[in-house]
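Enquirer: Please see the structure below; I have some questions.
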Amino acid sequence: MFRCRIPQAVSVLLACMCMIFAYEDDIDVNYGDTYYNEISDAETPEPTASPAPCNRDVTKWDKMFLMLENSQMRENMLLQYADDIIKVEMGSLRAEMLRFVAQYGGSCGVAVETTGRRMAMQLESRLKDALDRIRAIDPTSVASGNSVGNSNRLESMMQQLLSAARTQATRLTKLETSCLRSPGAGIAMTTEAEEKVTAQKVALVGVLTALEQTKVELGEVLRSLGQRYLPAGCEMALLNPMRSTQIYTSVRPESPLSVSSFTVCMWVKPTAVSNKTVLFSYGNRRNPYEIQLLLGQTSALFTIGGEAHLVEARGVVNGGKSEWIHLCGAWASDQGLASLWAGGKKVASTPGVAEGHVLPDGGSLLLGQERNGCCTSTAPSGNIVEGYDSKLAFAGKMTGVNMWDRVLSEDEISQLALREGKGCEQRGNLVAWGVTEMMPHGGAQFIN
């Protein structure tokens with residue numbers, strides 16, 4: 001059996017050798033420079049006779065071996081090509097991922113850090129501006145009527161600071177949520193970036209807390225300023241330091257008060273209010289109640305021609321709080337319409353009040369007291385002196401007292417009642433604040 005296979009093996013070997021010689025390519029070698037081992041023409045050996053080519057026919061077994069060899073070579077080539085493709089593509093993908101991470105991996109952290117730094121700079125600038133404005137408040141300019149505007153500007157600025165801080169906090173929270181909490185973010189921030197965001201958020205919360213505390217303190221300062229200084233651009237006020245039978249102010253009108261219509265307005269700031277506190281009164285011995293503008297515990301009252309003709313508005317006065325109040329009383333004889341105004345708004349109106357009545361001339365006009373002939377006292381000289389009732393006396397401040405011989409319009413009264421306005425510049429033709437002669441008695445005095 002083995003002997004039978006020997007001729008076949010020999011034939012296959014010969015066939016392979018023939019194929020090698022048949023497919024051997026001629027290679028042209030071109031040498032440039034002369035080399036030391038070059039063989040000269042003299043040493044060239046004579047050519048020997050080449051063996052005759054093999055002309056043996058290829059059997060089917062030879063063809064099969066050739067086909068197998070070729071298929072294996074192709075398989076190896078395909079595997080090598082596939083391996084090269086995978087390596088190259090994976091390397092390229094890795095490079096792209098590294099570039100992407102380098103470009104976008106820290107974007108959220110950078111954005112948060114930039115936003116926090118910008119917020120800190122803005123808040124620091126606005127706080128510095130607020131502190132400069134607070135330090136710039138001059139008591140002299142405040143007393144001259146500019147305090148209200150400065151106070152309101154400071155309060156408005158603090159409101160803007162708080163609003164800006166809340167807005168920045170909201171923006172930072174949204175940015176943190178989108179960068180750190182979003183499931184589709186794709187790239188997680190580093191621990192260092194998260195710590196920076198947390199620190200900035202804590203700092204911002206601290207700023208908000210400080211601003212809230214500053215707002216409370218500034219509100220107290222503003223309330224104190226509002227209580228100390230005068231409204232409506234007024235430059236002076238009349239002070240009644242306490243209730244007393246001797247503390248009041250008498251007024252000499254510019255013209256006789258024999259009129260059939262009028263409007264009287266004033267700013268008052270009572271320190272204490274009883275059931276009946278007299279602000280403005282005009283009368284004579286026959287009728288001391290011709291005109292009365294009064295305060296109760298929580299109400300304002302206005303009378304013409306006597307106590308029976310009463311106009312009352314409740315809830316106008318806060319008895320437990322000392323603050324400036326603007327009051328006006330208006331009356332016209334032809335229809336007997338009497339109206340009471342508080343803070344620039346009509347709070348009460350009554351028709352048929354002293355209809356057809358005309359105020360008598362020659363009476364006494366007083367601020368902070370009424371002449372009702374209730375009380376008498378003996379002076380050191382022994383003379384009998386008519387006195388006043390201390391329970392009716394006004395204690396506190398008043399300013400902007402004016403009286404017209406007509407009924408003012410709603411717009412005119414509203415302008416007079418503007419706290420930040422210039423109501424004191426609009427003076428009446430019967431009583432003009434700062435022009436008409438007013439004589440304080442007892443402890444009453446004018447203050448700036």
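Following the order of the structure tokens, chains are lettered A, B, ..., residues in each are numbered from 1, and ligands are numbered from 1.
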Show which residues sit within 7 Å of A:Val353, as a ChimeraX atom specification. Count only C-alpha atoms, and ignore same-chain residues fewer than 6 positions away.
Expert: /A:304,309,336-338
Enquirer: Let me see the file: selected residues, C-alpha atoms, as a PDB file, in the first residue's frame.
Expert:
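The file below, part_32.pdb, is the result:
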ATOM      1  CA  ILE A 304     -70.014 122.294  61.227  1.00  0.00           C
ATOM      2  CA  HIS A 309     -73.890 118.090  62.659  1.00  0.00           C
ATOM      3  CA  GLY A 336     -74.969 121.286  53.144  1.00  0.00           C
ATOM      4  CA  LEU A 337     -72.575 118.580  51.900  1.00  0.00           C
ATOM      5  CA  ALA A 338     -69.779 117.855  54.377  1.00  0.00           C
TER       6      ALA A 338
END
Enquirer: Which residues come within 12 Å of A:Ala444, counting only C-alpha atoms, excluding same-chain residues fewer than 5 positions away, as a ChimeraX atom specification?
Expert: /A:237-250,367-369,393-398,438-439
Enquirer: Could the residues in this selection be saved with C-alpha atoms as an mmCIF file, in the first residue's frame?
Expert:
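Written output follows (result-v5.cif):
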data_model
loop_
_atom_site.group_PDB
_atom_site.id
_atom_site.type_symbol
_atom_site.label_atom_id
_atom_site.label_comp_id
_atom_site.auth_asym_id
_atom_site.auth_seq_id
_atom_site.Cartn_x
_atom_site.Cartn_y
_atom_site.Cartn_z
ATOM 1 C CA ALA A 237 -43.865 121.351 62.375
ATOM 2 C CA LEU A 238 -45.803 122.483 65.409
ATOM 3 C CA LEU A 239 -45.028 120.393 68.486
ATOM 4 C CA ASN A 240 -47.349 119.985 71.454
ATOM 5 C CA PRO A 241 -45.204 117.924 73.842
ATOM 6 C CA MET A 242 -48.044 116.925 76.162
ATOM 7 C CA ARG A 243 -51.707 117.439 77.009
ATOM 8 C CA SER A 244 -52.184 120.609 78.924
ATOM 9 C CA THR A 245 -54.737 123.367 79.446
ATOM 10 C CA GLN A 246 -52.038 125.875 78.507
ATOM 11 C CA ILE A 247 -50.530 124.243 75.411
ATOM 12 C CA TYR A 248 -52.187 125.301 72.161
ATOM 13 C CA THR A 249 -51.646 127.618 69.175
ATOM 14 C CA SER A 250 -53.826 130.529 68.115
ATOM 15 C CA LEU A 367 -54.877 124.385 66.888
ATOM 16 C CA GLY A 368 -54.776 121.576 69.466
ATOM 17 C CA GLN A 369 -57.519 122.929 71.737
ATOM 18 C CA ALA A 393 -55.798 118.819 74.181
ATOM 19 C CA PHE A 394 -53.700 117.469 71.317
ATOM 20 C CA ALA A 395 -50.277 115.973 72.027
ATOM 21 C CA GLY A 396 -47.955 115.353 69.086
ATOM 22 C CA LYS A 397 -46.913 117.101 65.881
ATOM 23 C CA MET A 398 -48.826 118.824 63.095
ATOM 24 C CA MET A 438 -49.564 131.437 64.359
ATOM 25 C CA MET A 439 -48.761 132.030 68.018
#
Enquirer: Restricting the calculation to only C-alpha atoms, which member of A:Ala210, A:Cys234, A:Val347, A:Val251 is positioned closest to A:Gly363?
Expert: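 That would be A:Val251, the residue with the smallest distance to A:Gly363.
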Enquirer: Extract the full set of strand (DSSP E or B) residues from stretch 254-400 of chain A according to DSSP on the backbone, and format it as an MDAnalysis selection string.
Expert: chainID A and resid 261:272 277:283 291:295 299:304 310:314 325:332 337:342 345:350 364:367 375:378 384:387 395:400
Enquirer: Identify, on the basis of only C-alpha atoms, every residue whose closest approach to A:Met266 does not exceed 6 Å; exclude the query and any residue fewer than 5 positions from it along the same chain; express the result as a list in words.
Expert: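 Returned residues: His326, Leu327, Gly400 and Val401 of chain A.
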Enquirer: Generate the output file for the selected residues, C-alpha atoms, as a PDB file, in the first residue's frame.
Expert:
ATOM      1  CA  HIS A 326     -53.263 113.516  56.360  1.00  0.00           C
ATOM      2  CA  LEU A 327     -56.789 114.770  57.086  1.00  0.00           C
ATOM      3  CA  GLY A 400     -49.105 121.670  56.561  1.00  0.00           C
ATOM      4  CA  VAL A 401     -52.167 123.373  58.135  1.00  0.00           C
TER       5      VAL A 401
END
Enquirer: Could you go through stretch 392-435 of chain A and tell me which residues DSSP, when run on the backbone, assigns to alpha helix (DSSP H), listing them as a PyMOL selection string?
Expert: chain A and resi 410-416
Enquirer: Which residues are near A:Ala332? Cut-off 12 Å, only C-alpha atoms, ignore same chain within fewer than 4 positions. Put them as a list in words.
Expert: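 Here the answer would be Val259, Ser260, Ser261, Phe262, Thr263, Ile304, Gly336, Leu337, Ala338, Ser339, Ser349, Thr350, Pro351, Gly352, Val353, Ala354, Glu355, Gly356, His357, Val358, Leu359, Trp404, Asp405, Arg406, Val407 and Leu408 of chain A.
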